[in-house]
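Since the structure comes first, as structure tokens, the remarks are kept for the end.
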4 protein chains.
Amino acid sequence: MRVLNMNVAILNVTGYAGVELARLLLRHPGVQVTEVTGRSAVGLRLSEVLPHLGTSDLVIQTEIEGPVDLAFSALPHKAAAESVAELVNAEVKVIDLSADFRLKDVVVYEQWYEVAHPAPHLLAGSVYGLPELYKEEIKKAHLVASPGCYPTSVILALAPVINLITPDIIADAKSGLSGAGRSLSLTTHYSEANENCQAYALKGHRHLPEMIQELTKLRQQKMGPSSPALALTFIPHLVPMTRGILSTCYAHLEKDCSPAEIRRLYQDFYAEAPFVMITDEPPQTKHTWGSNRCLIYPTVDERTGRLIVISCLDNLVKGAAGQAIQSMNLMLGLAEQTGLDSLPIYP
Amino acid sequence: MRVLNMNVAILNVTGYAGVELARLLLRHPGVQVTEVTGRSAVGLRLSEVLPHLGTSDLVIQTEIEGPVDLAFSALPHKAAAESVAELVNAEVKVIDLSADFRLKDVVVYEQWYEVAHPAPHLLAGSVYGLPELYKEEIKKAHLVASPGCYPTSVILALAPVINLITPDIIADAKSGLSGAGRSLSLTTHYSEANENCQAYALKGHRHLPEMIQELTKLRQQKMGPSSPALALTFIPHLVPMTRGILSTCYAHLEKDCSPAEIRRLYQDFYAEAPFVMITDEPPQTKHTWGSNRCLIYPTVDERTGRLIVISCLDNLVKGAAGQAIQSMNLMLGLAEQTGLDSLPIYP
Amino acid sequence: MRVLNMNVAILNVTGYAGVELARLLLRHPGVQVTEVTGRSAVGLRLSEVLPHLGTSDLVIQTEIEGPVDLAFSALPHKAAAESVAELVNAEVKVIDLSADFRLKDVVVYEQWYEVAHPAPHLLAGSVYGLPELYKEEIKKAHLVASPGCYPTSVILALAPVINLITPDIIADAKSGLSGAGRSLSLTTHYSEANENCQAYALKGHRHLPEMIQELTKLRQQKMGPSSPALALTFIPHLVPMTRGILSTCYAHLEKDCSPAEIRRLYQDFYAEAPFVMITDEPPQTKHTWGSNRCLIYPTVDERTGRLIVISCLDNLVKGAAGQAIQSMNLMLGLAEQTGLDSLPIYP
Amino acid sequence: MRVLNMNVAILNVTGYAGVELARLLLRHPGVQVTEVTGRSAVGLRLSEVLPHLGTSDLVIQTEIEGPVDLAFSALPHKAAAESVAELVNAEVKVIDLSADFRLKDVVVYEQWYEVAHPAPHLLAGSVYGLPELYKEEIKKAHLVASPGCYPTSVILALAPVINLITPDIIADAKSGLSGAGRSLSLTTHYSEANENCQAYALKGHRHLPEMIQELTKLRQQKMGPSSPALALTFIPHLVPMTRGILSTCYAHLEKDCSPAEIRRLYQDFYAEAPFVMITDEPPQTKHTWGSNRCLIYPTVDERTGRLIVISCLDNLVKGAAGQAIQSMNLMLGLAEQTGLDSLPIYP
């Protein structure tokens with residue numbers, strides 16, 4: 001039953017994040033998609049370009065035309081900020097899935113993305129769209145910078161213990177190929193990616209500064225501003241699957257803690273988070289497939305006393321479109337789970 | 001909004017068809033699952049055995065205990081008929097996903113399945129659960145024999161033209177591995193099945209007599225009882241994917257027909273079938289993933305005049321659990337698409 | 001022990017056929033690779049571009065410079081014929097892996113490939129490089145047109161019975177993605193191809209006229225020039241694996257034949273073919289992985305009397321590079337299996 | 001050219017390590033396989049059970065009968081030690097691929113494997129079969145305990161720097177499914193393993209004590225017996241591919257070191273190791289497929305000063321059968337690369 005009829009738009013519906021937004025929003029009971037834009041396929045019907053979306057009448061446009069209540073931008077960085085700035089000007093609520101409004105420090109942004117930021121004046125007012133940490137802020141936000149798959153998996157894995165560990169952290173992530181998007185490259189060519197596993201971005205992945213920003217902020221909230229800086233090493237790997245991210249995080253606890261104590265701490269921390277589940281066994285990406293869940297398994301290596309936290313999620317749902325819709329629900333006053341309650345598809 | 005609260009049960013919830021029934025029924029707005037049985041894991045909570053199903057409180061039982069309005073049996077053949085007979089006796093509506101009530105001729109059943117049929121008296125009253133062909137019968141049925149993935153894909157591909165072709169038909173099917181179920185075998189061992197393609201059942205697959213029964217019945221309805229017997233060769237193949245069946249069917253048209261005429265004929269035939277889509281391009285199994293759709297592409301090889309019809313579907317949804325729920329909706333007076341309208345997940 | 005030291009060159013070593021030629025030739029005991037060319041990566045060492053090839057000192061050139069005894073062209077069609085014509089002029093023996101010299105009728109070539117043939121004068125003298133059919137001709141050839149994966153699998157499957165069947169033939173082929181080459185496309189993008197199966201080229205695949213040419217020639221040799229024209233429908237499918245082709249061929253026998261008789265006929269036909277094996281069970285592509293084998297399983301569907309022949313091979317070895325080297329061995333007077341005797345890699 | 005004709009036997013040829021030994025030894029120019037045993041399929045010809053091995057006449061036996069010069073045992077632990085003890089008694093040279101003779105301390109063995117060691121008297125005389133560390137010992141050995149895939153990848157990754165790092169080490173490994181063997185389990189069932197990634201053995205993997213034994217030994221050789229004990233956390237993960245292991249190792253350097261210095265150190269350490277290659281880019285498992293190579297990429301995370309070493313190999317070749325044959329070559333006085341020089345198969 002559709003109780004609300006808010007109009008929403010999707011910018012750049014033809015990339016994988018946009019496609020997934022369309023899949024979920026076309027069945028969302030509280031909003032209707034009234035406009036979609038694309039950087040290709042303009043003028044074609046959505047159902048011609050993406051036949052799995054069925055019989056939608058939407059036509060791919062160059063720009064948003066009519067009035068909408070909220071827009072999702074799935075544009076790449078820089079292009080995103082340019083479009084978002086216009087929408088914000090027009091008083092449209094925006095959820096941006098690019099990196100453009102995630103980093104609060106424009107200098108850090110420009111270092112990592114090697115472009116001038118098109119709208120630095122919007123940085124201060126944007127909210128980092130991780131509902132498990134910023135639910136109240138998101139409810140009131142006009143611009144949400146929705147985080148991607150790697151930061152979501154690593155930040156959710158470490159947030160509960162960030163003040164209980166030494167600053168030395170390793171996050172070793174394994175990602176399916178859809179995280180690399182729909183653009184063609186030799187790395188994502190089937191015959192190259194199948195039966196293959198490799199690490200990449202050893203000189204620093206662009207999602208690293210976000211993780212440091214958010215984890216440092218949490219740490220300072222709990223330990224004070226003089227807590228030592230984090231030394232986080234983040235190494236992403238490609239594994240031959242379409243969807244799914246699994247992050248294995250390693251750190252040292254400041255004080256001894258049993259696995260059971262750690263587990264309880266995580267359960268308490270996420271007691272109000274409907275999409276985070278603390279699992280009894282090491283989690284499998286397959287148990288999140290197509291859903292907005294993030295599964296987390298914290299434990300302690302009893303031989304070395306080292307904390308190990310494994311988290312996993314579907315990179316296109318909780319790591320992209322689903323998370324953005326979770327923020328939308330909060331911004332529009334809907335229940336957080338609206339339109340996101342379908343179960344993972346297994347096997 | 002739950003408008004009805006019919007109670008339903010799932011027999012043998014731990015196989016892949018049962019698992020998929022649970023996934024879909026736990027989110028179905030018109031029914032609630034009140035009991036589940038298993039041949040293993042009895043006494044455990046559903047969520048322990050199948051963590052992706054989340055926090056369901058259902059416990060796996062040996063037998064159905066309380067009163068239910070309708071039961072799904074996902075038991076293997078023979079065991080199915082035994083349990084179904086008891087339920088029918090107790091006046092429970094039943095949808096059986098096994099082969100036990102699909103073949104009308106008990107002799108044919110016993111030849112192919114090499115067991116004595118445990119309840120031959122129920123054969124006459126059972127309805128073949130293909131809603132695209134038997135919608136009215138299913139609405140009134142007490143026992144529905146829901147067809148599996150191969151017959152669904154082949155029968156739906158050929159039904160519209162069954163009286164327009166010569167009796168000589170080939171159906172070459174390509175199936176993902178989940179069609180072989182959750183039981184372990186060397187054939188479905190990852191390292192054997194990955195990077196592999198093979199044909200099997202060259203001496204005759206158990207789903208062949210069903211296809212012949214249903215296609216012959218359709219043919220005789222249109223052409224009279226003396227129409228020549230069908231000579232159908234059905235060769236299934238395993239391809240390295242989890243879900244999806246694609247059937248490529250070949251036949252000769254009795255009279256010349258253009259691809260456009262054939263296409264129109266299919267569109268008309270399935271005008272009232274909400275889950276069948278006649279596609280503009282050869283369909284991809286990925287465009288059905290996780291959904292109840294069957295995509296069909298009929299064409300004519302202009303060099304040889306041969307009719308080619310390609311159909312595809314998700315073997316666990318339209319080829320198993322989704323189709324059974326589609327029948328349930330009809331039996332319970334719900335809209336045919338209730339609980340089955342989520343879009344395919346791509347990529 | 002290297003008994004011969006013939007110098008060979010590879011044109012366009014950077015595509016998948018070229019890469020596979022390099023892998024096999026760098027370990028071939030009878031020849032040495034002295035030059036390689038590329039359409040990209042010119043000036044780089046082979047080992048930089050293709051690290052799996054190890055420490056080879058070869059540098060990728062634009063053109064062949066020095067004298068070589070034999071050259072392999074892995075260039076695409078048209079570009080191939082241009083380069084091949086020069087080499088033939090220079091009296092270099094050539095094995096061309098493109099389609100340019102396979103079709104004897106230049107009109108047919110130009111229809112299907114939609115370009116003017118750059119060197120039609122060479123067509124008459126070229127030999128179709130299928131050693132199982134043309135061993136003696138290949139031994140004496142100066143220009144061999146080495147067939148690709150689809151024609152090899154279909155022609156070898158049907159050659160032994162081509163005069164025993166009615167002209168109506170279906171070949172339903174399932175191919176891994178490397179058959180589509182190393183060039184990028186959405187179809188071969190990992191996230192699109194994984195967990196997907198689809199048919200393509202329903203309006204006619206470019207390899208079809210080759211199959212018709214060769215099968216017709218065989219048929220006419222045995223049945224006389226007035227035998228009715230073949231009506232061959234060939235439908236290729238993509239299945240999610242890197243290597244492997246499996247072709248399932250269907251035809252009607254002119255006279256009844258038992259599976260055992262058919263099997264004996266195939267064994268006799270290929271008695272002298274070291275790479276063709278008639279299998280006891282339906283073959284698996286995995287049993288050919290990385291090897292030059294073609295496995296063939298002929299049988300008869302006893303219900304319909306229809307002949308079914310399944311063949312499979314590794315599309316980059318017997319379907320490309322290995323087959324070309326098999327021809328080279330014959331052309332250079334080496335044993336047919338030289339450098340090609342490694343066993344398939346399983347699992 | 002076969003210059004030597006040593007007779008070798010394979011115990012338990014039907015598991016994946018045995019299968020791979022057969023593939024490589026049947027084409028090895030210096031030995032001939034004269035006997036094979038199996039725990040299943042006894043009495044069948046090898047070519048019936050493993051058709052990819054072609055036309056070998058070997059019949060699977062229960063026990064080794066005739067005299068052989070050297071035997072490979074691919075039996076599981078405990079069964080291995082029982083058979084090996086008999087062979088050693090009979091003065092047959094043995095290469096054991098199980099864990100039975102790898103751990104020098106029988107107490108540690110019995111703790112981890114939870115069985116009484118059947119032949120503890122042989123532990124002192126056995127040699128750990130990692131030719132990169134123990135070449136001279138292997139040449140003289142009568143019993144070699146050939147290490148498996150995880151220890152090989154982790155020990156080779158860390159050996160060159162084991163005296164330059166603090167004792168705190170993390171090894172995060174990603175393995176294909178064939179590492180789990182040919183025995184059936186739900187974890188290795190195709191539909192469960194495909195599109196899935198998970199960690200396992202978080203309470204301690206049986207290969208951990210081997211890694212600690214060997215790395216500690218190396219460390220004490222260089223730093224003296226009082227060097228602090230290693231605190232090694234090893235977390236293995238399953239990724240959906242058949243072959244390949246990639247280990248990402250993390251440690252802190254005692255002293256600052258540039259990436260270039262570290263790299264040179266590795267090149268020097270492995271200067272005489274024909275199968276170890278120090279790569280210019282993070283390595284890919286696909287670049288080792290089917291070959292005996294181990295690729296290693298050492299670098300330094302310049303933000304944190306942390307050492308990162310990535311190694312990869314084909315778990316059935318350098319991680320099992322190939323490594324054992326490398327030892328055999330040394331034991332029989334053959335060149336180390338004999339029969340192992342084929343290039344990786346890409347793509």
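Each chain of the structure tokens is named A, B, ... in the order shown, its residues numbered from 1; ligands are numbered from 1 in display order.
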- Could you please select, counting only C-alpha atoms, the residues of chain B within 10 Å of chain D and state them as a ChimeraX atom specification? /B:16,176-195,240-243
Within 8 Å of range 41-45 of chain A using only C-alpha atoms, minus same-chain residues under 4 positions, as a tab-separated table (two decimals) with N, CA, C and O atoms, in the first residue's frame:
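What ended up in part-v2.tsv:
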```tsv
chain	number	residue	atom	x	y	z
A	37	THR	N	18.04	10.12	-15.38
A	37	THR	CA	18.95	10.67	-16.39
A	37	THR	C	20.06	9.66	-16.67
A	37	THR	O	20.26	8.72	-15.90
A	49	VAL	N	16.91	-0.29	-22.30
A	49	VAL	CA	18.32	-0.32	-21.92
A	49	VAL	C	18.54	-1.36	-20.84
A	49	VAL	O	19.57	-2.04	-20.80
A	56	SER	N	8.60	-0.44	-17.24
A	56	SER	CA	8.60	0.97	-16.85
A	56	SER	C	8.54	1.88	-18.08
A	56	SER	O	9.19	1.63	-19.10
A	57	ASP	N	7.78	2.96	-17.97
A	57	ASP	CA	7.65	3.91	-19.08
A	57	ASP	C	8.69	5.01	-19.05
A	57	ASP	O	8.71	5.88	-19.93
A	58	LEU	N	9.51	5.04	-18.03
A	58	LEU	CA	10.47	6.13	-17.90
A	58	LEU	C	11.40	6.20	-19.11
A	58	LEU	O	11.85	5.17	-19.61
A	59	VAL	N	11.69	7.42	-19.52
A	59	VAL	CA	12.62	7.64	-20.62
A	59	VAL	C	13.87	8.30	-20.04
A	59	VAL	O	13.78	9.17	-19.17
A	60	ILE	N	15.02	7.88	-20.52
A	60	ILE	CA	16.27	8.41	-19.99
A	60	ILE	C	16.48	9.84	-20.51
A	60	ILE	O	16.46	10.07	-21.72
A	61	GLN	N	16.67	10.76	-19.59
A	61	GLN	CA	16.81	12.18	-19.93
A	61	GLN	C	18.26	12.63	-19.74
A	61	GLN	O	19.05	11.93	-19.13
A	62	THR	N	18.55	13.82	-20.25
A	62	THR	CA	19.87	14.40	-20.02
A	62	THR	C	19.92	15.05	-18.64
A	62	THR	O	20.94	14.97	-17.95
```
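Picture a line from CA of Val276 in chain A to CA of Ile296 in chain A; it runs 7.2 Å.
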- range 77-173 of chain B: residues DSSP assigns to strand (DSSP E or B), reported as a list in words: Lys93, Val94, Ile95, Asp96, Val127, Tyr128, Leu143, Val144, Ala145, Ile165, Thr166, Pro167, Asp168, Ile169, Ile170, Ala171, Asp172 and Ala173 of chain B
Could you save those same residues with all heavy atoms as a short mmCIF file (atom, residue, chain, number, x, y, z; two decimals), in the first residue's frame?
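Okay, this is what ended up in selection_12.cif:
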```
data_model
loop_
_atom_site.label_atom_id
_atom_site.label_comp_id
_atom_site.auth_asym_id
_atom_site.auth_seq_id
_atom_site.Cartn_x
_atom_site.Cartn_y
_atom_site.Cartn_z
N LYS B 93 -5.34 -28.12 1.53
CA LYS B 93 -4.94 -27.90 0.13
C LYS B 93 -3.43 -28.12 0.01
O LYS B 93 -2.68 -27.71 0.90
CB LYS B 93 -5.28 -26.47 -0.29
CG LYS B 93 -6.78 -26.23 -0.44
CD LYS B 93 -7.08 -24.85 -0.98
CE LYS B 93 -8.60 -24.68 -1.07
NZ LYS B 93 -8.97 -23.45 -1.80
N VAL B 94 -3.02 -28.73 -1.07
CA VAL B 94 -1.60 -29.05 -1.20
C VAL B 94 -1.07 -28.62 -2.57
O VAL B 94 -1.74 -28.80 -3.59
CB VAL B 94 -1.35 -30.56 -1.03
CG1 VAL B 94 0.14 -30.87 -1.17
CG2 VAL B 94 -1.85 -31.05 0.32
N ILE B 95 0.13 -28.07 -2.53
CA ILE B 95 0.89 -27.84 -3.76
C ILE B 95 2.15 -28.68 -3.65
O ILE B 95 2.97 -28.46 -2.75
CB ILE B 95 1.23 -26.35 -3.96
CG1 ILE B 95 -0.07 -25.54 -4.06
CG2 ILE B 95 2.09 -26.16 -5.20
CD1 ILE B 95 0.13 -24.03 -4.05
N ASP B 96 2.27 -29.65 -4.53
CA ASP B 96 3.40 -30.58 -4.48
C ASP B 96 4.40 -30.20 -5.56
O ASP B 96 4.05 -30.11 -6.74
CB ASP B 96 2.89 -32.01 -4.69
CG ASP B 96 4.04 -33.01 -4.67
OD1 ASP B 96 5.06 -32.73 -4.03
OD2 ASP B 96 3.90 -34.07 -5.32
N VAL B 127 -4.16 -31.17 -10.45
CA VAL B 127 -4.05 -30.22 -11.57
C VAL B 127 -2.58 -29.92 -11.84
O VAL B 127 -1.81 -29.69 -10.91
CB VAL B 127 -4.80 -28.91 -11.25
CG1 VAL B 127 -4.58 -27.88 -12.35
CG2 VAL B 127 -6.29 -29.18 -11.06
N TYR B 128 -2.18 -29.95 -13.10
CA TYR B 128 -0.81 -29.61 -13.48
C TYR B 128 -0.62 -28.11 -13.27
O TYR B 128 -1.28 -27.28 -13.92
CB TYR B 128 -0.57 -30.00 -14.94
CG TYR B 128 0.88 -30.04 -15.34
CD1 TYR B 128 1.71 -31.08 -14.93
CD2 TYR B 128 1.42 -29.03 -16.13
CE1 TYR B 128 3.05 -31.12 -15.31
CE2 TYR B 128 2.76 -29.08 -16.51
CZ TYR B 128 3.57 -30.12 -16.09
OH TYR B 128 4.89 -30.14 -16.47
N LEU B 143 -5.39 -30.16 -5.05
CA LEU B 143 -4.04 -30.70 -5.16
C LEU B 143 -3.44 -30.23 -6.48
O LEU B 143 -3.96 -30.53 -7.56
CB LEU B 143 -4.07 -32.24 -5.11
CG LEU B 143 -2.75 -32.97 -5.44
CD1 LEU B 143 -1.60 -32.47 -4.59
CD2 LEU B 143 -2.93 -34.47 -5.26
N VAL B 144 -2.36 -29.47 -6.38
CA VAL B 144 -1.68 -28.97 -7.56
C VAL B 144 -0.31 -29.64 -7.66
O VAL B 144 0.44 -29.68 -6.68
CB VAL B 144 -1.54 -27.44 -7.51
CG1 VAL B 144 -0.49 -26.94 -8.50
CG2 VAL B 144 -2.88 -26.78 -7.80
N ALA B 145 0.01 -30.17 -8.84
CA ALA B 145 1.32 -30.76 -9.11
C ALA B 145 2.13 -29.71 -9.85
O ALA B 145 1.97 -29.51 -11.04
CB ALA B 145 1.16 -32.02 -9.95
N ILE B 165 3.45 -26.81 -35.83
CA ILE B 165 4.75 -27.39 -36.16
C ILE B 165 4.61 -28.88 -36.48
O ILE B 165 3.64 -29.52 -36.11
CB ILE B 165 5.76 -27.19 -35.01
CG1 ILE B 165 5.22 -27.75 -33.69
CG2 ILE B 165 6.11 -25.72 -34.85
CD1 ILE B 165 6.16 -27.59 -32.50
N THR B 166 5.63 -29.38 -37.18
CA THR B 166 5.67 -30.83 -37.41
C THR B 166 6.06 -31.49 -36.09
O THR B 166 6.59 -30.85 -35.20
CB THR B 166 6.70 -31.16 -38.51
OG1 THR B 166 7.98 -30.78 -38.05
CG2 THR B 166 6.38 -30.40 -39.80
N PRO B 167 5.79 -32.80 -35.94
CA PRO B 167 5.96 -33.42 -34.62
C PRO B 167 7.40 -33.55 -34.15
O PRO B 167 7.65 -33.90 -33.00
CB PRO B 167 5.35 -34.82 -34.81
CG PRO B 167 4.86 -34.93 -36.19
CD PRO B 167 5.18 -33.70 -36.94
N ASP B 168 8.33 -33.24 -35.01
CA ASP B 168 9.75 -33.43 -34.74
C ASP B 168 10.32 -32.23 -33.99
O ASP B 168 10.47 -31.15 -34.58
CB ASP B 168 10.41 -33.52 -36.12
CG ASP B 168 11.48 -34.55 -36.15
OD1 ASP B 168 11.33 -35.59 -35.49
OD2 ASP B 168 12.49 -34.29 -36.83
N ILE B 169 10.64 -32.37 -32.71
CA ILE B 169 11.05 -31.22 -31.90
C ILE B 169 12.33 -31.55 -31.14
O ILE B 169 12.50 -32.66 -30.63
CB ILE B 169 9.97 -30.87 -30.85
CG1 ILE B 169 8.61 -30.65 -31.52
CG2 ILE B 169 10.37 -29.65 -30.04
CD1 ILE B 169 7.47 -30.50 -30.52
N ILE B 170 13.20 -30.55 -31.04
CA ILE B 170 14.40 -30.68 -30.20
C ILE B 170 14.36 -29.58 -29.15
O ILE B 170 14.11 -28.42 -29.47
CB ILE B 170 15.68 -30.56 -31.06
CG1 ILE B 170 15.84 -31.82 -31.91
CG2 ILE B 170 16.90 -30.36 -30.18
CD1 ILE B 170 16.82 -31.66 -33.02
N ALA B 171 14.62 -29.97 -27.90
CA ALA B 171 14.77 -28.96 -26.85
C ALA B 171 16.13 -29.17 -26.22
O ALA B 171 16.41 -30.22 -25.63
CB ALA B 171 13.66 -29.10 -25.81
N ASP B 172 16.99 -28.20 -26.40
CA ASP B 172 18.36 -28.26 -25.88
C ASP B 172 18.43 -27.28 -24.72
O ASP B 172 18.38 -26.07 -24.91
CB ASP B 172 19.32 -27.88 -27.02
CG ASP B 172 20.79 -27.99 -26.64
OD1 ASP B 172 21.21 -27.23 -25.75
OD2 ASP B 172 21.49 -28.82 -27.23
N ALA B 173 18.53 -27.81 -23.49
CA ALA B 173 18.45 -26.95 -22.31
C ALA B 173 19.80 -26.81 -21.61
O ALA B 173 20.61 -27.75 -21.60
CB ALA B 173 17.43 -27.52 -21.34
#
```
- Running DSSP on the backbone, which parts of range 38-282 of chain D land in alpha helix (DSSP H), as a PyMOL selection string? chain D and resi 46-49+79-89+106-113+131-140+149-158+190-193+208-223+259-269
Using C-alpha atoms, can you export the residues from the last selection as a compact mmCIF listing (two decimals), in the first residue's frame?
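Everything below was put into out-v9.txt:
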```
# COMPACT_ATOMS: atom_id res chain seq x y z
CA LEU D 46 43.20 -45.01 -14.44
CA SER D 47 41.76 -43.78 -17.73
CA GLU D 48 38.27 -44.92 -16.79
CA VAL D 49 38.29 -43.03 -13.52
CA ALA D 79 46.90 -43.26 6.69
CA ALA D 80 49.90 -41.64 5.05
CA ALA D 81 52.28 -42.32 7.96
CA GLU D 82 51.21 -45.94 8.11
CA SER D 83 51.95 -46.55 4.45
CA VAL D 84 55.06 -44.41 4.42
CA ALA D 85 56.57 -46.34 7.33
CA GLU D 86 56.29 -49.58 5.35
CA LEU D 87 57.84 -48.07 2.27
CA VAL D 88 60.72 -46.55 4.22
CA ASN D 89 61.29 -49.95 5.78
CA VAL D 106 55.10 -35.14 17.88
CA VAL D 107 53.24 -33.44 20.73
CA VAL D 108 52.30 -30.54 18.49
CA TYR D 109 51.24 -32.98 15.77
CA GLU D 110 49.00 -34.93 18.12
CA GLN D 111 47.46 -31.74 19.51
CA TRP D 112 46.49 -30.41 16.10
CA TYR D 113 45.61 -33.63 14.32
CA PRO D 131 63.31 -26.78 -2.09
CA GLU D 132 63.81 -23.02 -1.82
CA LEU D 133 64.95 -23.54 1.79
CA TYR D 134 66.23 -27.11 1.95
CA LYS D 135 67.66 -27.96 -1.45
CA GLU D 136 70.75 -29.73 -0.17
CA GLU D 137 68.89 -31.69 2.49
CA ILE D 138 66.30 -32.83 -0.04
CA LYS D 139 69.00 -34.10 -2.41
CA LYS D 140 70.15 -36.51 0.29
CA CYS D 149 49.63 -24.72 -0.38
CA TYR D 150 49.14 -22.38 2.60
CA PRO D 151 52.53 -22.96 4.27
CA THR D 152 54.34 -22.76 0.94
CA SER D 153 52.78 -19.42 0.10
CA VAL D 154 53.27 -17.92 3.56
CA ILE D 155 56.77 -19.25 4.28
CA LEU D 156 58.12 -18.23 0.87
CA ALA D 157 56.54 -14.78 1.35
CA LEU D 158 58.19 -14.20 4.72
CA TYR D 190 28.86 -25.61 -6.31
CA SER D 191 25.71 -23.64 -5.49
CA GLU D 192 27.06 -22.80 -2.03
CA ALA D 193 30.61 -21.89 -3.05
CA LEU D 208 49.52 -22.82 11.30
CA PRO D 209 51.98 -24.85 13.45
CA GLU D 210 54.04 -25.70 10.37
CA MET D 211 54.36 -22.07 9.44
CA ILE D 212 55.42 -21.20 12.98
CA GLN D 213 57.91 -24.09 13.10
CA GLU D 214 59.61 -23.16 9.86
CA LEU D 215 59.57 -19.39 10.28
CA THR D 216 60.82 -19.69 13.86
CA LYS D 217 63.62 -21.97 12.75
CA LEU D 218 64.73 -19.48 10.10
CA ARG D 219 64.45 -16.61 12.55
CA GLN D 220 66.53 -18.37 15.17
CA GLN D 221 69.17 -19.30 12.61
CA LYS D 222 69.66 -15.62 11.91
CA MET D 223 68.82 -13.97 15.23
CA PRO D 259 60.24 -0.72 -1.30
CA ALA D 260 63.24 -0.92 -3.63
CA GLU D 261 65.55 -2.21 -0.91
CA ILE D 262 63.03 -4.82 0.13
CA ARG D 263 62.58 -5.88 -3.44
CA ARG D 264 66.32 -6.31 -3.98
CA LEU D 265 66.55 -8.38 -0.84
CA TYR D 266 63.89 -10.75 -2.17
CA GLN D 267 65.54 -10.99 -5.57
CA ASP D 268 68.82 -11.92 -3.95
CA PHE D 269 67.23 -14.41 -1.60
```
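As for CA of Leu202 in chain A and CA of Ala251 in chain D, they are spaced 14.9 Å apart.
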- Item | Spatial neighbours of Thr279 in chain A, max dist 9 Å, only C-alpha atoms, sep filter under 2 positions, as a VMD selection string | (chain A and resid 277 281 to 283 295 to 298) or (chain B and resid 51)
- Message: When you look at Arg306 in chain C with a cut-off of 9 Å (counting only C-alpha atoms), what residues show up, excluding the ones that are within fewer than 2 positions of it in the same chain? I need them as an NGL selection string.
- Response: (:B and (233)) or (:C and (250-253 or 299-304 or 308))
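Going from CA of Thr285 in chain B to CA of Gly15 in chain A covers 20.0 Å.
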